[in-house]
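As stored in protein_10.tsv (TSV, C-alpha atoms and all ligand atoms):
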```tsv
chain	number	residue	atom	x	y	z
A	387	MET	CA	74.10	83.48	106.96
A	388	ARG	CA	76.01	81.14	109.25
A	389	ARG	CA	79.07	79.59	107.61
A	390	ASP	CA	80.09	75.94	108.10
A	391	ALA	CA	81.95	76.14	111.40
A	392	TRP	CA	84.25	73.17	110.74
A	393	VAL	CA	85.23	74.33	107.28
A	394	LEU	CA	86.07	77.74	108.73
A	395	ARG	CA	87.99	76.21	111.67
A	396	ARG	CA	90.11	74.21	109.23
A	397	GLU	CA	90.70	77.30	107.03
A	398	ILE	CA	92.02	79.22	110.05
A	399	VAL	CA	94.26	76.34	111.19
A	400	GLU	CA	95.61	75.87	107.67
A	401	ALA	CA	96.39	79.60	107.31
A	402	ALA	CA	98.06	79.65	110.75
A	403	ARG	CA	100.31	76.71	109.82
A	404	ARG	CA	101.24	78.29	106.50
A	405	LEU	CA	102.09	81.64	108.12
A	406	ASP	CA	103.99	79.91	110.93
A	407	SER	CA	106.04	77.91	108.38
A	408	GLN	CA	107.17	81.26	106.94
A	409	GLY	CA	108.28	82.56	110.34
A	410	LEU	CA	105.39	85.02	110.54
A	411	LEU	CA	103.92	83.68	113.82
A	412	PRO	CA	106.90	83.04	116.14
A	413	GLY	CA	106.27	81.74	119.68
A	414	PRO	CA	102.76	82.48	120.90
A	415	SER	CA	102.57	85.69	118.81
A	416	GLY	CA	99.94	86.53	116.25
A	417	ASN	CA	96.26	85.76	116.08
A	418	LEU	CA	93.58	84.99	113.51
A	419	SER	CA	89.80	85.23	113.46
A	420	ALA	CA	86.92	84.83	111.01
A	421	ARG	CA	83.27	85.83	110.94
A	422	LEU	CA	81.08	82.79	111.53
A	423	SER	CA	77.71	84.57	111.27
A	424	ALA	CA	76.30	88.09	111.65
A	425	GLU	CA	76.72	87.82	115.43
A	426	GLU	CA	79.53	85.29	115.94
A	427	VAL	CA	83.29	85.23	115.36
A	428	LEU	CA	85.72	82.30	115.49
A	429	VAL	CA	89.01	83.26	117.14
A	430	VAL	CA	92.25	81.56	118.17
A	431	PRO	CA	93.02	81.00	121.87
A	432	SER	CA	95.61	82.97	123.82
A	433	GLY	CA	99.06	81.53	124.44
A	434	VAL	CA	98.87	78.59	122.00
A	435	PRO	CA	101.63	78.39	119.33
A	436	LYS	CA	99.65	78.95	116.13
A	437	GLY	CA	101.64	76.41	114.10
A	438	ARG	CA	100.32	73.64	116.37
A	439	LEU	CA	96.76	74.92	116.59
A	440	GLN	CA	93.95	72.34	116.37
A	441	PRO	CA	90.52	73.18	114.86
A	442	GLU	CA	88.67	72.32	118.09
A	443	GLU	CA	90.79	74.81	120.07
A	444	LEU	CA	89.21	77.83	118.34
A	445	LEU	CA	86.61	79.73	120.38
A	446	VAL	CA	83.27	81.16	119.27
A	447	VAL	CA	82.70	84.69	120.62
A	448	SER	CA	79.99	87.31	120.19
A	449	LEU	CA	80.70	90.69	118.59
A	450	GLU	CA	80.77	92.05	122.16
A	451	GLY	CA	83.54	89.60	123.12
A	452	GLU	CA	81.50	87.15	125.18
A	453	VAL	CA	82.72	83.53	124.86
A	454	LEU	CA	79.85	81.45	123.46
A	455	LYS	CA	81.72	78.19	122.92
A	456	GLY	CA	85.22	77.03	123.74
A	457	MET	CA	87.33	74.24	125.28
A	458	ARG	CA	87.79	74.40	129.03
A	459	GLY	CA	90.92	76.31	130.04
A	460	LEU	CA	91.27	78.24	126.80
A	461	LYS	CA	90.71	82.00	126.60
A	462	PRO	CA	90.43	84.14	123.45
A	463	THR	CA	93.52	86.02	122.29
A	464	SER	CA	94.21	89.21	124.26
A	465	GLU	CA	93.95	91.14	120.97
A	466	LEU	CA	90.29	90.11	120.54
A	467	PRO	CA	88.96	93.69	121.09
A	468	MET	CA	91.02	94.85	118.09
A	469	HIS	CA	89.57	92.06	115.90
A	470	LEU	CA	86.02	92.85	117.01
A	471	GLU	CA	86.52	96.55	116.27
A	472	VAL	CA	87.26	95.55	112.66
A	473	TYR	CA	84.14	93.35	112.33
A	474	ARG	CA	81.93	96.09	113.77
A	475	ARG	CA	83.32	98.73	111.39
A	476	ARG	CA	83.75	96.64	108.22
A	477	PRO	CA	80.72	94.53	107.21
A	478	ASP	CA	82.69	93.48	104.10
A	479	VAL	CA	85.47	91.87	106.17
A	480	GLU	CA	85.24	88.13	106.87
A	481	ALA	CA	88.69	87.50	108.39
A	482	VAL	CA	91.36	89.32	110.42
A	483	VAL	CA	95.03	88.43	110.97
A	484	HIS	CA	97.33	90.17	113.47
A	485	ALA	CA	101.04	89.31	113.48
A	486	HIS	CA	104.50	90.65	114.31
A	487	PRO	CA	106.25	90.52	110.90
A	488	ALA	CA	109.89	91.41	111.62
A	489	ALA	CA	110.78	93.47	108.54
A	490	ALA	CA	107.54	95.45	108.52
A	491	VAL	CA	107.86	96.22	112.25
A	492	ALA	CA	111.54	97.15	111.77
A	493	LEU	CA	110.47	99.82	109.27
A	494	THR	CA	108.07	101.32	111.83
A	495	VAL	CA	110.86	101.35	114.45
A	496	ALA	CA	113.08	103.21	111.97
A	497	GLY	CA	110.28	105.67	111.25
A	498	ILE	CA	109.99	104.56	107.59
A	499	SER	CA	106.44	104.68	106.25
A	500	LEU	CA	104.97	102.04	103.95
A	501	SER	CA	102.28	104.42	102.77
A	502	GLU	CA	104.39	105.71	99.85
A	503	PRO	CA	103.71	103.84	96.58
A	504	ILE	CA	107.08	102.30	95.67
A	505	LEU	CA	106.34	98.71	94.56
A	506	PRO	CA	103.52	97.97	92.08
A	507	GLU	CA	102.60	94.65	93.73
A	508	ALA	CA	102.06	96.42	97.05
A	509	VAL	CA	99.83	99.07	95.45
A	510	LEU	CA	97.76	96.34	93.78
A	511	LEU	CA	97.45	93.85	96.64
A	512	LEU	CA	97.73	96.00	99.77
A	513	GLY	CA	96.73	99.55	98.83
A	514	GLU	CA	98.01	102.31	101.07
A	515	VAL	CA	99.52	100.97	104.31
A	516	PRO	CA	99.22	103.50	107.15
A	517	THR	CA	101.10	103.21	110.47
A	518	THR	CA	99.21	103.92	113.69
A	519	ARG	CA	100.60	105.85	116.64
A	520	TYR	CA	102.31	103.66	119.26
A	521	ALA	CA	99.86	101.75	121.49
A	522	THR	CA	100.54	99.22	124.27
A	523	PRO	CA	100.04	95.68	122.89
A	524	SER	CA	97.18	93.57	124.33
A	525	THR	CA	95.39	96.62	125.76
A	526	PRO	CA	92.41	98.70	124.56
A	527	GLU	CA	95.00	101.22	123.26
A	528	ASN	CA	95.42	99.03	120.14
A	529	GLN	CA	91.72	99.02	119.46
A	530	ALA	CA	91.70	102.83	119.70
A	531	ALA	CA	94.81	103.17	117.50
A	532	ILE	CA	93.30	101.34	114.51
A	533	VAL	CA	89.91	103.07	114.58
A	534	GLU	CA	90.90	106.00	112.38
A	535	TRP	CA	92.45	103.74	109.71
A	536	ILE	CA	90.58	100.46	109.45
A	537	ALA	CA	87.40	101.80	107.79
A	538	ASP	CA	89.21	102.38	104.51
A	539	HIS	CA	92.43	100.32	104.63
A	540	ASN	CA	92.95	96.56	104.38
A	541	VAL	CA	96.44	96.63	105.89
A	542	VAL	CA	97.48	98.70	108.91
A	543	LEU	CA	100.81	98.69	110.73
A	544	LEU	CA	100.86	99.15	114.50
A	545	ALA	CA	103.98	101.16	115.35
A	546	ARG	CA	106.78	99.06	116.97
A	547	HIS	CA	104.38	96.14	117.32
A	548	GLY	CA	102.84	94.42	114.32
A	549	SER	CA	100.41	94.24	111.46
A	550	LEU	CA	96.67	94.03	111.02
A	551	THR	CA	95.45	92.58	107.71
A	552	VAL	CA	91.85	91.93	106.77
A	553	GLY	CA	90.14	90.14	103.89
A	554	ARG	CA	87.01	88.68	102.38
A	555	THR	CA	88.42	85.23	103.27
A	556	VAL	CA	90.96	83.88	105.77
A	557	ALA	CA	93.29	83.14	102.84
A	558	GLU	CA	93.06	86.74	101.59
A	559	ALA	CA	93.85	88.26	105.01
A	560	ALA	CA	96.81	85.83	105.34
A	561	MET	CA	97.99	86.57	101.79
A	562	ARG	CA	98.06	90.29	102.61
A	563	LEU	CA	100.34	89.57	105.59
A	564	GLU	CA	102.70	87.57	103.35
A	565	VAL	CA	102.78	90.34	100.71
A	566	LEU	CA	103.25	92.99	103.41
A	567	GLU	CA	106.31	91.26	104.84
A	568	HIS	CA	107.76	90.56	101.39
A	569	THR	CA	107.27	94.24	100.51
A	570	ALA	CA	108.93	95.35	103.74
A	571	LYS	CA	111.95	93.09	103.12
A	572	THR	CA	112.32	94.43	99.58
A	573	LEU	CA	112.12	98.01	100.87
A	574	LEU	CA	114.70	97.29	103.57
A	575	TRP	CA	117.10	96.05	100.89
A	576	ALA	CA	116.30	99.10	98.74
A	577	TYR	CA	117.09	101.43	101.67
A	578	MET	CA	120.35	99.53	102.27
A	579	ALA	CA	121.28	99.98	98.60
A	580	GLY	CA	120.31	103.66	98.36
A	581	LYS	CA	117.26	105.88	98.48
A	582	PRO	CA	114.14	104.24	96.96
A	583	SER	CA	112.10	106.54	94.70
A	584	PRO	CA	108.29	106.41	94.64
A	585	LEU	CA	106.29	105.40	91.56
A	586	SER	CA	105.14	108.33	89.40
A	587	PRO	CA	101.55	109.58	89.90
A	588	GLU	CA	100.73	108.27	86.40
A	589	ALA	CA	102.00	104.79	87.27
A	590	VAL	CA	100.00	104.81	90.52
A	591	ALA	CA	96.82	105.92	88.69
A	592	LYS	CA	97.20	103.01	86.24
A	593	LEU	CA	97.68	100.54	89.12
A	594	GLN	CA	94.65	101.92	90.94
A	595	ALA	CA	92.57	101.44	87.78
A	596	VAL	CA	93.71	97.80	87.62
A	597	ARG	CA	92.94	97.41	91.32
A	598	GLU	CA	89.42	98.82	90.96
A	599	SER	CA	88.76	96.58	87.97
A	600	TYR	CA	89.02	93.51	90.19
A	601	GLY	CA	87.31	95.06	93.21
A	602	LYS	CA	89.56	96.50	95.99
B	701	ZN	ZN	100.61	91.72	118.82
```
Would you encode the structure as structure tokens?
Amino acid sequence: MRRDAWVLRREIVEAARRLDSQGLLPGPSGNLSARLSAEEVLVVPSGVPKGRLQPEELLVVSLEGEVLKGMRGLKPTSELPMHLEVYRRRPDVEAVVHAHPAAAVALTVAGISLSEPILPEAVLLLGEVPTTRYATPSTPENQAAIVEWIADHNVVLLARHGSLTVGRTVAEAAMRLEVLEHTAKTLLWAYMAGKPSPLSPEAVAKLQAVRESYGK
């Protein structure tokens, strides 16, 4: 079913402004997309600061990356192949957000994994957060790096580069980015204060039961 293109354009612009206001999309970094229909995806243009994005600047592309509709002079984000890889592999995903959240990326630079269950909110809202091997940004290497993780994770960290969060709506994918960065900041403080201990297996099992009760 084709979604209302203008409603979806406004949802993407609204999410981009909200994320930008929190410092999660500095400069031209970061990109958002959403599934418009079974064959079409709406995606942000390359090089445009996302906090000043206008709904009409979004491009419509096919799942193969062909531009179907877009303003003259605008090209899709260079990370489009990574977004399309997600849509091809996850029929349940309606939106994808890629960003460079500073605290989360800092943890990958320091070699600290976010896959350990330490904070209950992260277990509930993010699930396990794997980190990919290093891949050159804006190249097909990124697309290849996420392949082994994205089928069964909603949040993936790209080593030394950024985050990939997906959701059933644009707001959910954006929310996961916000929670990811908040979790990373909390963990950074915990590491500064001492050595954080993981949740017990019993505590994790209870959280996973809660998570399954409201569907992923
Ligand atoms: Zn990036």
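For the atom pair formed by atom CA of Gly413 of chain A and atom CA of Leu511 of chain A, the distance is 27.5 Å, given to one decimal.
With distances taken from (78.5, 91.3, 111.4) and restricted to all atoms listed in the file, the residues inside 8 Å are Arg421, Ser423, Ala424, Glu425, Glu426, Leu449, Tyr473, Arg474 and Pro477 of chain A.
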Store the residues of this selection in a file with C-alpha atoms, as a PDB file, in the coordinates of the input.
```pdb
ATOM      1  CA  ARG A 421      83.270  85.830 110.940  1.00  0.00           C
ATOM      2  CA  SER A 423      77.710  84.570 111.270  1.00  0.00           C
ATOM      3  CA  ALA A 424      76.300  88.090 111.650  1.00  0.00           C
ATOM      4  CA  GLU A 425      76.720  87.820 115.430  1.00  0.00           C
ATOM      5  CA  GLU A 426      79.530  85.290 115.940  1.00  0.00           C
ATOM      6  CA  LEU A 449      80.700  90.690 118.590  1.00  0.00           C
ATOM      7  CA  TYR A 473      84.140  93.350 112.330  1.00  0.00           C
ATOM      8  CA  ARG A 474      81.930  96.090 113.770  1.00  0.00           C
ATOM      9  CA  PRO A 477      80.720  94.530 107.210  1.00  0.00           C
TER      10      PRO A 477
END
```
> For ligand ZN 701 (chain B), which residue out of A:Gly513, A:Pro462, A:Pro584, A:Gly548 is the nearest one, using all atoms listed in the file?
Replying inline: A:Gly548
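Taking all atoms listed in the file into account, the protein and nucleic acid residues that come at most 10 Å from ligand ZN 701 (chain B) are Pro414, Ser415, Gly416, Asn417, Thr463, Ser464, Glu465, His484, Ala485, His486, Pro487, Thr522, Pro523, Ser524, Thr525, Asn528, Leu544, Arg546, His547, Gly548, Ser549 and Leu550 of chain A.
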> In Å, how far is it from atom CA of Gly451 of chain A to atom CA of Val542 of chain A?
Replying inline: 21.9 Å
At most 8 Å is the cut-off: for each residue in segment 403-505 of chain A with any atom that close to an atom of segment 560-583 of chain A, write down the nearest atom pair and the distance in Å rounded to one decimal, counting only C-alpha atoms, chain first then increasing number, as a Markdown table.
```
| residue | atom | partner | partner_atom | distance |
| --- | --- | --- | --- | --- |
| A:Leu405 | CA | A:Ala560 | CA | 7.3 |
| A:Val483 | CA | A:Ala560 | CA | 6.5 |
| A:Ala485 | CA | A:Leu563 | CA | 7.9 |
| A:Pro487 | CA | A:Glu567 | CA | 6.1 |
| A:Ala488 | CA | A:Glu567 | CA | 7.7 |
| A:Ala489 | CA | A:Ala570 | CA | 5.5 |
| A:Ala490 | CA | A:Ala570 | CA | 5.0 |
| A:Leu493 | CA | A:Ala570 | CA | 7.3 |
| A:Leu500 | CA | A:Ala570 | CA | 7.8 |
| A:Ile504 | CA | A:Ser583 | CA | 6.6 |
| A:Leu505 | CA | A:Thr569 | CA | 7.5 |
```
>> Show me, as number ranges by chain, the residues that have an atom within 12 Å of Ala557 of chain A when counting all atoms listed in the file, minus same-chain residues fewer than 3 positions from it.
In response: A: 394, 396-405, 418-420, 480-483, 551-554, 560-564
Dump of C-alpha atoms for the selected residues, as a compact mmCIF listing (two decimals), in the frame of the given file:
```txt
# COMPACT_ATOMS: atom_id res chain seq x y z
CA LEU A 394 86.07 77.74 108.73
CA ARG A 396 90.11 74.21 109.23
CA GLU A 397 90.70 77.30 107.03
CA ILE A 398 92.02 79.22 110.05
CA VAL A 399 94.26 76.34 111.19
CA GLU A 400 95.61 75.87 107.67
CA ALA A 401 96.39 79.60 107.31
CA ALA A 402 98.06 79.65 110.75
CA ARG A 403 100.31 76.71 109.82
CA ARG A 404 101.24 78.29 106.50
CA LEU A 405 102.09 81.64 108.12
CA LEU A 418 93.58 84.99 113.51
CA SER A 419 89.80 85.23 113.46
CA ALA A 420 86.92 84.83 111.01
CA GLU A 480 85.24 88.13 106.87
CA ALA A 481 88.69 87.50 108.39
CA VAL A 482 91.36 89.32 110.42
CA VAL A 483 95.03 88.43 110.97
CA THR A 551 95.45 92.58 107.71
CA VAL A 552 91.85 91.93 106.77
CA GLY A 553 90.14 90.14 103.89
CA ARG A 554 87.01 88.68 102.38
CA ALA A 560 96.81 85.83 105.34
CA MET A 561 97.99 86.57 101.79
CA ARG A 562 98.06 90.29 102.61
CA LEU A 563 100.34 89.57 105.59
CA GLU A 564 102.70 87.57 103.35
```
>> I'd like to know which of A:Val427, A:Val509, A:Val434, A:Leu454 is closest to Leu470 of chain A, using only C-alpha atoms.
In response: A:Val427
> Do you know which residues are at most 7 Å from Leu585 of chain A counting all atoms listed in the file, after dropping those on the same chain fewer than 3 positions away, and could you put them as a PyMOL selection string?
Replying inline: chain A and resi 503-504+589-590
Non-local contacts of Leu460 of chain A (10 Å; all atoms listed in the file; under 2 positions in same chain excluded) as a PDB file with C-alpha atoms, keeping the file's coordinate frame:
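Final output, saved to part_14.pdb:
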```pdb
ATOM      1  CA  VAL A 430      92.250  81.560 118.170  1.00  0.00           C
ATOM      2  CA  PRO A 431      93.020  81.000 121.870  1.00  0.00           C
ATOM      3  CA  SER A 432      95.610  82.970 123.820  1.00  0.00           C
ATOM      4  CA  GLY A 433      99.060  81.530 124.440  1.00  0.00           C
ATOM      5  CA  VAL A 434      98.870  78.590 122.000  1.00  0.00           C
ATOM      6  CA  GLU A 443      90.790  74.810 120.070  1.00  0.00           C
ATOM      7  CA  LEU A 444      89.210  77.830 118.340  1.00  0.00           C
ATOM      8  CA  LEU A 445      86.610  79.730 120.380  1.00  0.00           C
ATOM      9  CA  GLY A 456      85.220  77.030 123.740  1.00  0.00           C
ATOM     10  CA  MET A 457      87.330  74.240 125.280  1.00  0.00           C
ATOM     11  CA  ARG A 458      87.790  74.400 129.030  1.00  0.00           C
ATOM     12  CA  PRO A 462      90.430  84.140 123.450  1.00  0.00           C
ATOM     13  CA  THR A 463      93.520  86.020 122.290  1.00  0.00           C
TER      14      THR A 463
END
```
>> Calculated over all atoms listed in the file, which of the candidates A:Leu410, A:Pro435, A:Leu510, A:Val515 has the smallest distance to Ala591 of chain A?
In response: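 Checking each of A:Leu410, A:Pro435, A:Leu510, A:Val515 against Ala591 of chain A, counting all atoms listed in the file, the winner is A:Leu510.
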> Could you work out how far atom CA of Leu466 of chain A lies from atom CA of Glu452 of chain A, giving the answer in Å with one decimal?
Replying inline: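 Computing the Euclidean distance for atom CA of Glu452 of chain A and atom CA of Leu466 of chain A yields 10.4 Å.
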> Nearest to Glu527 of chain A: which of A:Glu502, A:Glu471, A:Glu514, A:Glu442 is it, counting all atoms listed in the file?
Replying inline: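 Result for the nearest residue to Glu527 of chain A: A:Glu471.
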Complete the atoms of segment 507-518 of chain A to all heavy atoms and put them out as a PDB file, in the frame of the given file.
```pdb
ATOM      1  N   GLU A 507     103.343  95.759  93.117  1.00  0.00           N
ATOM      2  CA  GLU A 507     102.600  94.650  93.730  1.00  0.00           C
ATOM      3  C   GLU A 507     101.929  95.093  95.025  1.00  0.00           C
ATOM      4  O   GLU A 507     100.793  94.705  95.325  1.00  0.00           O
ATOM      5  CB  GLU A 507     103.546  93.474  94.000  1.00  0.00           C
ATOM      6  CG  GLU A 507     102.795  92.225  94.404  1.00  0.00           C
ATOM      7  CD  GLU A 507     103.677  91.150  94.998  1.00  0.00           C
ATOM      8  OE1 GLU A 507     104.640  91.492  95.722  1.00  0.00           O
ATOM      9  OE2 GLU A 507     103.404  89.971  94.740  1.00  0.00           O
ATOM     10  N   ALA A 508     102.628  95.941  95.780  1.00  0.00           N
ATOM     11  CA  ALA A 508     102.060  96.420  97.050  1.00  0.00           C
ATOM     12  C   ALA A 508     100.864  97.327  96.799  1.00  0.00           C
ATOM     13  O   ALA A 508      99.854  97.260  97.506  1.00  0.00           O
ATOM     14  CB  ALA A 508     103.139  97.151  97.849  1.00  0.00           C
ATOM     15  N   VAL A 509     100.961  98.187  95.770  1.00  0.00           N
ATOM     16  CA  VAL A 509      99.830  99.070  95.450  1.00  0.00           C
ATOM     17  C   VAL A 509      98.617  98.229  95.063  1.00  0.00           C
ATOM     18  O   VAL A 509      97.494  98.483  95.500  1.00  0.00           O
ATOM     19  CB  VAL A 509     100.207 100.034  94.293  1.00  0.00           C
ATOM     20  CG1 VAL A 509      98.997 100.869  93.871  1.00  0.00           C
ATOM     21  CG2 VAL A 509     101.360 100.947  94.713  1.00  0.00           C
ATOM     22  N   LEU A 510      98.863  97.179  94.266  1.00  0.00           N
ATOM     23  CA  LEU A 510      97.760  96.340  93.780  1.00  0.00           C
ATOM     24  C   LEU A 510      97.129  95.502  94.887  1.00  0.00           C
ATOM     25  O   LEU A 510      95.910  95.403  94.995  1.00  0.00           O
ATOM     26  CB  LEU A 510      98.263  95.389  92.694  1.00  0.00           C
ATOM     27  CG  LEU A 510      98.463  95.980  91.305  1.00  0.00           C
ATOM     28  CD1 LEU A 510      99.070  94.930  90.385  1.00  0.00           C
ATOM     29  CD2 LEU A 510      97.139  96.471  90.731  1.00  0.00           C
ATOM     30  N   LEU A 511      97.975  94.858  95.693  1.00  0.00           N
ATOM     31  CA  LEU A 511      97.450  93.850  96.640  1.00  0.00           C
ATOM     32  C   LEU A 511      97.199  94.397  98.042  1.00  0.00           C
ATOM     33  O   LEU A 511      96.411  93.827  98.785  1.00  0.00           O
ATOM     34  CB  LEU A 511      98.410  92.661  96.711  1.00  0.00           C
ATOM     35  CG  LEU A 511      98.582  91.888  95.403  1.00  0.00           C
ATOM     36  CD1 LEU A 511      99.654  90.829  95.539  1.00  0.00           C
ATOM     37  CD2 LEU A 511      97.259  91.250  94.981  1.00  0.00           C
ATOM     38  N   LEU A 512      97.887  95.488  98.403  1.00  0.00           N
ATOM     39  CA  LEU A 512      97.730  96.000  99.770  1.00  0.00           C
ATOM     40  C   LEU A 512      97.012  97.344  99.807  1.00  0.00           C
ATOM     41  O   LEU A 512      96.322  97.648 100.770  1.00  0.00           O
ATOM     42  CB  LEU A 512      99.107  96.181 100.437  1.00  0.00           C
ATOM     43  CG  LEU A 512     100.043  94.966 100.450  1.00  0.00           C
ATOM     44  CD1 LEU A 512     101.366  95.340 101.100  1.00  0.00           C
ATOM     45  CD2 LEU A 512      99.397  93.792 101.176  1.00  0.00           C
ATOM     46  N   GLY A 513      97.207  98.169  98.761  1.00  0.00           N
ATOM     47  CA  GLY A 513      96.730  99.550  98.830  1.00  0.00           C
ATOM     48  C   GLY A 513      97.647 100.335  99.735  1.00  0.00           C
ATOM     49  O   GLY A 513      98.753  99.894 100.060  1.00  0.00           O
ATOM     50  N   GLU A 514      97.187 101.500 100.167  1.00  0.00           N
ATOM     51  CA  GLU A 514      98.010 102.310 101.070  1.00  0.00           C
ATOM     52  C   GLU A 514      98.125 101.608 102.429  1.00  0.00           C
ATOM     53  O   GLU A 514      97.142 101.034 102.905  1.00  0.00           O
ATOM     54  CB  GLU A 514      97.369 103.691 101.264  1.00  0.00           C
ATOM     55  CG  GLU A 514      98.271 104.656 101.994  1.00  0.00           C
ATOM     56  CD  GLU A 514      97.524 105.860 102.561  1.00  0.00           C
ATOM     57  OE1 GLU A 514      96.292 105.942 102.371  1.00  0.00           O
ATOM     58  OE2 GLU A 514      98.170 106.685 103.190  1.00  0.00           O
ATOM     59  N   VAL A 515      99.316 101.623 103.013  1.00  0.00           N
ATOM     60  CA  VAL A 515      99.520 100.970 104.310  1.00  0.00           C
ATOM     61  C   VAL A 515      99.890 102.033 105.354  1.00  0.00           C
ATOM     62  O   VAL A 515     101.055 102.446 105.455  1.00  0.00           O
ATOM     63  CB  VAL A 515     100.651  99.914 104.228  1.00  0.00           C
ATOM     64  CG1 VAL A 515     100.866  99.245 105.586  1.00  0.00           C
ATOM     65  CG2 VAL A 515     100.320  98.862 103.166  1.00  0.00           C
ATOM     66  N   PRO A 516      98.916 102.499 106.130  1.00  0.00           N
ATOM     67  CA  PRO A 516      99.220 103.500 107.150  1.00  0.00           C
ATOM     68  C   PRO A 516      99.839 102.863 108.392  1.00  0.00           C
ATOM     69  O   PRO A 516      99.689 101.656 108.625  1.00  0.00           O
ATOM     70  CB  PRO A 516      97.853 104.096 107.481  1.00  0.00           C
ATOM     71  CG  PRO A 516      96.895 102.991 107.205  1.00  0.00           C
ATOM     72  CD  PRO A 516      97.490 102.155 106.104  1.00  0.00           C
ATOM     73  N   THR A 517     100.553 103.660 109.174  1.00  0.00           N
ATOM     74  CA  THR A 517     101.100 103.210 110.470  1.00  0.00           C
ATOM     75  C   THR A 517     100.399 103.985 111.573  1.00  0.00           C
ATOM     76  O   THR A 517     100.319 105.214 111.517  1.00  0.00           O
ATOM     77  CB  THR A 517     102.623 103.459 110.528  1.00  0.00           C
ATOM     78  OG1 THR A 517     103.241 102.756 109.452  1.00  0.00           O
ATOM     79  CG2 THR A 517     103.203 102.970 111.846  1.00  0.00           C
ATOM     80  N   THR A 518      99.902 103.261 112.571  1.00  0.00           N
ATOM     81  CA  THR A 518      99.210 103.920 113.690  1.00  0.00           C
ATOM     82  C   THR A 518     100.230 104.582 114.624  1.00  0.00           C
ATOM     83  O   THR A 518     101.422 104.327 114.518  1.00  0.00           O
ATOM     84  CB  THR A 518      98.441 102.905 114.554  1.00  0.00           C
ATOM     85  OG1 THR A 518      99.404 102.067 115.221  1.00  0.00           O
ATOM     86  CG2 THR A 518      97.504 102.040 113.719  1.00  0.00           C
TER      87      THR A 518
END
```
